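**Q** Here it is, the structure, as structure tokens.
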Amino acid sequence: MPTGHRPGAEQVWPTRSARIRSGAHEPGPEPSSARPGGAGHDYWNHNVAYHRWIIDAVARHGRCRVLDVGCGEGLLLQHLAPLVASATGVEKDEISVGRARARLAGEANTLLVHCDFEQFVPDEDGYDLITFVASLHHMDPRAALTRAARLLRPGGELLVVGLTANRSPLDWAFSALTLPVARFGSLVHHETRDIGAPVAGAREDLREIRRIAREVLPGARIRRGLYYRYLLRWTGPAG
């Protein structure tokens with residue numbers, strides 16, 4: 001998985017509006033050519049396909065506080081920033097944080113934190129909406145979901161766009177049936193497959209994710225989605 005710097009002429013430096021907090025050091029400036037189309041470039045892939053699902057959830061909460069766990073190079077935060085009171089991203093990959101910093105340079109209500117989620121110390125008094133987009137399978141899902149639930153404000157919402165391993169005949173059959181749709185979507189939207197972010201294979205299958213969710217997120221709703229993803233939604237207790 002490519003995580004090194006790529007050559008480029010233009011250097012993008014941090015600004016005060018996209019702040020970085022790190023337990024060690026701040027990532028150095030990232031060449032703009034290492035990002036698809038530059039700092040403000042919009043693109044589409046199988047994860048971005050579900051940004052609308054998250055934006056619709058934001059509309060239910062109004063000017064809310066959002067935490068994006070495993071925010072990558074910050075495209076979702078960029079989409080959410082005009083709609084929310086504050087948008088915080090947690091990302092452990094140094095290069096991705098550098099790209100997010102450049103992308104979010106004009107968004108004064110965003111905060112980037114360079115650390116593992118388990119080490120994250122929130123600035124906010126809880127969050128109204130917490131998201132994981134293709135990031136939960138990089139972590140211990142039980143520990144991450146348990147921690148996210150504790151960081152939600154009363155009545156807050158947890159959304160996961162996740163990946164799982166195919167193990168059962170149903171898993172393989174569903175993937176096969178949705179393959180033509182996924183390929184058609186990729187073609188129509190001119191999919192950007194490689195954005196230079198670390199990748200990892202999913203360890204848990206959907207049955208295991210459902211079991212974990214039943215134990216740590218009672219009442220969570222999980223469904224299979226297109227583009228080899230599942231969607232999890234959970235609303236925390238009101239008080």
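Residue numbering restarts at 1 for every chain of the structure tokens, chains are lettered A, B, ... in their displayed order, and ligands are numbered from 1 as they appear.
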Run DSSP on the backbone and give me the residues of range 36-89 of chain A it puts in alpha helix (DSSP H), as a list in words.

**A**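 DSSP on the backbone gives alpha helix (DSSP H) at His51, Arg52, Trp53, Ile54, Ile55, Asp56, Ala57, Val58, Ala59, Arg60, His61, Leu75, Leu76, Leu77, Gln78, His79 and Leu80 of chain A.
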
**Q** List the spatial neighbours of Arg142 in chain A as a list in words - criterion: any atom at most 8 Å away, only C-alpha atoms, same-chain residues fewer than 6 positions off excluded.

**A** Ile212, Ala213 and Val216 of chain A

**Q** Using DSSP assignments from the backbone, pull out every residue in range 26-127 of chain A that falls under strand (DSSP E) and give it to me as a VMD selection string.

**A** chain A and resid 30 to 31 65 to 69 86 to 91 110 to 114 127

**Q** Using N, CA and C atoms, can you export the residues from the last selection as an mmCIF file, in the first residue's frame?

**A**
```cif
data_model
loop_
_atom_site.group_PDB
_atom_site.id
_atom_site.type_symbol
_atom_site.label_atom_id
_atom_site.label_comp_id
_atom_site.auth_asym_id
_atom_site.auth_seq_id
_atom_site.Cartn_x
_atom_site.Cartn_y
_atom_site.Cartn_z
ATOM 1 N N GLU A 30 2.954 18.543 2.060
ATOM 2 C CA GLU A 30 2.738 17.489 1.075
ATOM 3 C C GLU A 30 2.648 18.092 -0.321
ATOM 4 N N PRO A 31 3.387 17.555 -1.300
ATOM 5 C CA PRO A 31 3.256 18.053 -2.660
ATOM 6 C C PRO A 31 1.827 17.925 -3.159
ATOM 7 N N ARG A 65 -22.028 18.962 16.074
ATOM 8 C CA ARG A 65 -20.611 18.673 16.217
ATOM 9 C C ARG A 65 -20.351 17.278 15.658
ATOM 10 N N VAL A 66 -19.416 17.188 14.722
ATOM 11 C CA VAL A 66 -19.152 15.930 14.024
ATOM 12 C C VAL A 66 -17.720 15.480 14.278
ATOM 13 N N LEU A 67 -17.550 14.177 14.463
ATOM 14 C CA LEU A 67 -16.235 13.559 14.563
ATOM 15 C C LEU A 67 -16.138 12.491 13.486
ATOM 16 N N ASP A 68 -15.126 12.597 12.617
ATOM 17 C CA ASP A 68 -14.888 11.610 11.568
ATOM 18 C C ASP A 68 -13.642 10.815 11.942
ATOM 19 N N VAL A 69 -13.825 9.546 12.245
ATOM 20 C CA VAL A 69 -12.727 8.695 12.709
ATOM 21 C C VAL A 69 -12.089 8.007 11.510
ATOM 22 N N SER A 86 -18.986 22.285 14.014
ATOM 23 C CA SER A 86 -17.565 21.938 14.027
ATOM 24 C C SER A 86 -17.402 20.534 13.460
ATOM 25 N N ALA A 87 -16.261 20.312 12.819
ATOM 26 C CA ALA A 87 -15.963 19.006 12.222
ATOM 27 C C ALA A 87 -14.534 18.636 12.591
ATOM 28 N N THR A 88 -14.391 17.555 13.351
ATOM 29 C CA THR A 88 -13.087 17.082 13.800
ATOM 30 C C THR A 88 -12.757 15.780 13.089
ATOM 31 N N GLY A 89 -11.526 15.669 12.610
ATOM 32 C CA GLY A 89 -11.067 14.438 11.978
ATOM 33 C C GLY A 89 -9.904 13.841 12.746
ATOM 34 N N VAL A 90 -9.945 12.544 12.963
ATOM 35 C CA VAL A 90 -8.853 11.806 13.599
ATOM 36 C C VAL A 90 -8.241 10.904 12.541
ATOM 37 N N GLU A 91 -6.935 10.969 12.383
ATOM 38 C CA GLU A 91 -6.264 10.167 11.361
ATOM 39 C C GLU A 91 -4.850 9.833 11.830
ATOM 40 N N THR A 110 -12.846 23.417 11.265
ATOM 41 C CA THR A 110 -12.340 22.051 11.236
ATOM 42 C C THR A 110 -11.117 21.902 12.127
ATOM 43 N N LEU A 111 -10.963 20.706 12.654
ATOM 44 C CA LEU A 111 -9.810 20.360 13.483
ATOM 45 C C LEU A 111 -9.319 18.991 13.066
ATOM 46 N N LEU A 112 -8.025 18.864 12.848
ATOM 47 C CA LEU A 112 -7.410 17.586 12.504
ATOM 48 C C LEU A 112 -6.525 17.140 13.653
ATOM 49 N N VAL A 113 -6.667 15.876 14.030
ATOM 50 C CA VAL A 113 -5.882 15.318 15.123
ATOM 51 C C VAL A 113 -5.119 14.115 14.593
ATOM 52 N N HIS A 114 -3.796 14.171 14.678
ATOM 53 C CA HIS A 114 -2.932 13.120 14.142
ATOM 54 C C HIS A 114 -2.610 12.121 15.253
ATOM 55 N N TYR A 127 -19.999 14.536 20.918
ATOM 56 C CA TYR A 127 -20.307 14.803 19.509
ATOM 57 C C TYR A 127 -21.734 14.356 19.199
#
```

**Q** Please provide the set of residues having any atom within 8 Å of Asn47 in chain A, restricted to only C-alpha atoms, with same-chain residues fewer than 2 positions apart removed, written as a ChimeraX atom specification.

**A** /A:44-45,49-51,133-134,161

**Q** Please compute the CA of Leu158 in chain A-CA of Glu118 in chain A distance, one decimal, in Å.

**A**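 Value for the CA of Leu158 in chain A-CA of Glu118 in chain A distance: 16.7 Å.
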
**Q** May I ask which of the residues A:Tyr228, A:Trp234, A:Phe117, A:Phe184 is the closest one to Trp172 in chain A, counting only C-alpha atoms?

**A** A:Tyr228

**Q** Neighbouring residues of range 72-79 of chain A were defined as those with any atom within 7 Å, considering only C-alpha atoms; residues of the same chain fewer than 5 positions away were excluded. Please report them as a list in words.

**A**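 The residues that qualify are His51, Ala87, Glu91, Ser96, Val97, Arg99, Ala100, Arg103, Leu104 and Ala197 of chain A.
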
**Q** Taking only C-alpha atoms into account, which of A:Arg210, A:Arg223, A:Arg183, A:Arg101 comes nearest His46 in chain A?

**A**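 The shortest atom-to-atom distance to His46 in chain A comes from A:Arg183.
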
**Q** Find the distance between CA of Gly219 in chain A and CA of Leu170 in chain A and write it in Å to one decimal.

**A**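 Distance reported for this atom pair: 23.0 Å.
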
**Q** If I take CA of Cys64 in chain A and CA of Asp128 in chain A, how far is one from the other in Å, to one decimal?

**A** 5.8 Å

**Q** Given the choices A:Thr235, A:Arg221, A:Thr178, A:Thr164, which gets closest to Arg207 in chain A if the distance is worked out from only C-alpha atoms?

**A**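 Among A:Thr235, A:Arg221, A:Thr178, A:Thr164, it is A:Thr164 that comes nearest to Arg207 in chain A.
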
**Q** Show which residues sit within 10 Å of Ser175 in chain A, as a VMD selection string. Count only C-alpha atoms, and ignore same-chain residues fewer than 2 positions away.

**A** chain A and resid 166 169 to 173 177 to 180 182 224 to 229

**Q** Could those selected residues go to a file with all heavy atoms, as a short mmCIF file (atom, residue, chain, number, x, y, z; two decimals), in the first residue's frame?

**A**
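File written: part_27.cif
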```cif
data_model
loop_
_atom_site.label_atom_id
_atom_site.label_comp_id
_atom_site.auth_asym_id
_atom_site.auth_seq_id
_atom_site.Cartn_x
_atom_site.Cartn_y
_atom_site.Cartn_z
N ASN A 166 -15.67 -11.62 2.91
CA ASN A 166 -16.65 -12.58 2.38
C ASN A 166 -16.27 -13.98 2.86
O ASN A 166 -15.20 -14.49 2.54
CB ASN A 166 -16.66 -12.55 0.85
CG ASN A 166 -17.39 -11.35 0.30
OD1 ASN A 166 -18.17 -10.71 1.00
ND2 ASN A 166 -17.14 -11.02 -0.95
N PRO A 169 -21.65 -18.34 1.94
CA PRO A 169 -22.21 -18.34 0.58
C PRO A 169 -23.05 -17.08 0.30
O PRO A 169 -23.02 -16.56 -0.82
CB PRO A 169 -23.07 -19.61 0.56
CG PRO A 169 -22.43 -20.51 1.56
CD PRO A 169 -21.93 -19.60 2.65
N LEU A 170 -23.76 -16.59 1.32
CA LEU A 170 -24.55 -15.38 1.14
C LEU A 170 -23.66 -14.17 0.86
O LEU A 170 -23.98 -13.33 0.01
CB LEU A 170 -25.41 -15.11 2.37
CG LEU A 170 -26.29 -13.85 2.34
CD1 LEU A 170 -27.25 -13.88 1.14
CD2 LEU A 170 -27.04 -13.68 3.64
N ASP A 171 -22.53 -14.09 1.58
CA ASP A 171 -21.58 -12.99 1.34
C ASP A 171 -21.13 -12.98 -0.11
O ASP A 171 -21.16 -11.94 -0.80
CB ASP A 171 -20.36 -13.13 2.24
CG ASP A 171 -20.67 -12.96 3.72
OD1 ASP A 171 -21.68 -12.32 4.04
OD2 ASP A 171 -19.88 -13.47 4.54
N TRP A 172 -20.70 -14.14 -0.59
CA TRP A 172 -20.18 -14.23 -1.96
C TRP A 172 -21.27 -13.99 -2.98
O TRP A 172 -21.06 -13.33 -4.00
CB TRP A 172 -19.51 -15.59 -2.18
CG TRP A 172 -18.20 -15.72 -1.48
CD1 TRP A 172 -17.93 -16.45 -0.36
CD2 TRP A 172 -16.98 -15.07 -1.84
NE1 TRP A 172 -16.62 -16.31 0.00
CE2 TRP A 172 -16.00 -15.48 -0.89
CE3 TRP A 172 -16.60 -14.21 -2.86
CZ2 TRP A 172 -14.68 -15.04 -0.94
CZ3 TRP A 172 -15.27 -13.77 -2.91
CH2 TRP A 172 -14.33 -14.19 -1.96
N ALA A 173 -22.47 -14.50 -2.71
CA ALA A 173 -23.57 -14.33 -3.66
C ALA A 173 -23.97 -12.86 -3.78
O ALA A 173 -24.20 -12.36 -4.89
CB ALA A 173 -24.77 -15.17 -3.23
N LEU A 177 -23.79 -10.58 -7.14
CA LEU A 177 -24.99 -9.96 -7.71
C LEU A 177 -24.83 -8.45 -7.87
O LEU A 177 -25.40 -7.86 -8.79
CB LEU A 177 -26.19 -10.26 -6.82
CG LEU A 177 -26.74 -11.69 -6.88
CD1 LEU A 177 -27.81 -11.89 -5.80
CD2 LEU A 177 -27.32 -12.00 -8.26
N THR A 178 -24.09 -7.83 -6.97
CA THR A 178 -23.94 -6.37 -7.03
C THR A 178 -22.73 -5.93 -7.83
O THR A 178 -22.54 -4.73 -8.05
CB THR A 178 -23.85 -5.78 -5.61
OG1 THR A 178 -22.74 -6.37 -4.91
CG2 THR A 178 -25.13 -6.03 -4.83
N LEU A 179 -21.92 -6.88 -8.28
CA LEU A 179 -20.72 -6.53 -9.04
C LEU A 179 -21.03 -5.70 -10.28
O LEU A 179 -20.36 -4.68 -10.53
CB LEU A 179 -19.93 -7.79 -9.41
CG LEU A 179 -18.69 -7.60 -10.28
CD1 LEU A 179 -17.67 -6.73 -9.57
CD2 LEU A 179 -18.08 -8.96 -10.63
N PRO A 180 -22.02 -6.06 -11.11
CA PRO A 180 -22.29 -5.23 -12.29
C PRO A 180 -22.67 -3.80 -11.94
O PRO A 180 -22.26 -2.86 -12.63
CB PRO A 180 -23.45 -5.98 -12.98
CG PRO A 180 -23.36 -7.38 -12.50
CD PRO A 180 -22.86 -7.28 -11.09
N ALA A 182 -21.75 -2.14 -9.24
CA ALA A 182 -20.54 -1.47 -8.76
C ALA A 182 -19.66 -1.03 -9.92
O ALA A 182 -19.15 0.09 -9.95
CB ALA A 182 -19.77 -2.39 -7.82
N ARG A 224 -26.63 -4.48 4.28
CA ARG A 224 -25.68 -4.54 3.19
C ARG A 224 -25.94 -3.39 2.22
O ARG A 224 -27.08 -3.00 1.99
CB ARG A 224 -25.80 -5.87 2.44
CG ARG A 224 -25.47 -7.10 3.27
CD ARG A 224 -25.66 -8.37 2.45
NE ARG A 224 -25.54 -9.56 3.26
CZ ARG A 224 -24.40 -10.23 3.46
NH1 ARG A 224 -23.29 -9.81 2.88
NH2 ARG A 224 -24.38 -11.31 4.22
N GLY A 225 -24.87 -2.87 1.65
CA GLY A 225 -24.99 -1.81 0.67
C GLY A 225 -24.29 -2.18 -0.62
O GLY A 225 -23.70 -3.26 -0.75
N LEU A 226 -24.36 -1.29 -1.58
CA LEU A 226 -23.64 -1.46 -2.82
C LEU A 226 -22.15 -1.16 -2.61
O LEU A 226 -21.75 -0.69 -1.55
CB LEU A 226 -24.21 -0.55 -3.89
CG LEU A 226 -25.66 -0.84 -4.32
CD1 LEU A 226 -26.13 0.21 -5.31
CD2 LEU A 226 -25.78 -2.24 -4.93
N TYR A 227 -21.38 -1.43 -3.63
CA TYR A 227 -19.94 -1.13 -3.63
C TYR A 227 -19.21 -1.87 -2.52
O TYR A 227 -18.26 -1.34 -1.93
CB TYR A 227 -19.71 0.38 -3.54
CG TYR A 227 -20.47 1.16 -4.58
CD1 TYR A 227 -21.42 2.11 -4.22
CD2 TYR A 227 -20.25 0.93 -5.94
CE1 TYR A 227 -22.14 2.81 -5.18
CE2 TYR A 227 -20.96 1.63 -6.91
CZ TYR A 227 -21.90 2.56 -6.52
OH TYR A 227 -22.60 3.25 -7.48
N TYR A 228 -19.68 -3.09 -2.20
CA TYR A 228 -18.99 -3.96 -1.25
C TYR A 228 -18.90 -3.32 0.14
O TYR A 228 -17.92 -3.51 0.85
CB TYR A 228 -17.59 -4.31 -1.76
CG TYR A 228 -17.53 -4.52 -3.24
CD1 TYR A 228 -16.90 -3.60 -4.07
CD2 TYR A 228 -18.15 -5.62 -3.84
CE1 TYR A 228 -16.87 -3.77 -5.44
CE2 TYR A 228 -18.12 -5.80 -5.21
CZ TYR A 228 -17.48 -4.86 -6.02
OH TYR A 228 -17.47 -5.02 -7.37
N ARG A 229 -19.91 -2.58 0.53
CA ARG A 229 -19.93 -1.91 1.82
C ARG A 229 -21.16 -2.35 2.62
O ARG A 229 -22.13 -2.83 2.06
CB ARG A 229 -20.00 -0.38 1.64
CG ARG A 229 -18.87 0.25 0.83
CD ARG A 229 -17.53 0.07 1.49
NE ARG A 229 -16.47 0.80 0.83
CZ ARG A 229 -15.61 0.26 -0.03
NH1 ARG A 229 -15.71 -1.03 -0.34
NH2 ARG A 229 -14.65 0.98 -0.56
#
```

**Q** Under the rule that only C-alpha atoms are counted, which of A:Ala202, A:Glu208, A:Ser168, A:His189 is the nearest residue to Asp42 in chain A?

**A**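 Nearest to Asp42 in chain A: A:His189.
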
**Q** Would you mind telling me which residue in A:Cys71, A:Ile130, A:Leu151, A:Leu80 lies nearest to Glu94 in chain A when using only C-alpha atoms?

**A**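 Under the stated criterion, the closest residue is A:Cys71.
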
**Q** Using only C-alpha atoms, find the one residue out of A:Asp125, A:Glu107, A:Glu204, A:Asp116 that sits nearest to Pro154 in chain A.

**A**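 So, comparing all the options, the nearest one is A:Asp125.
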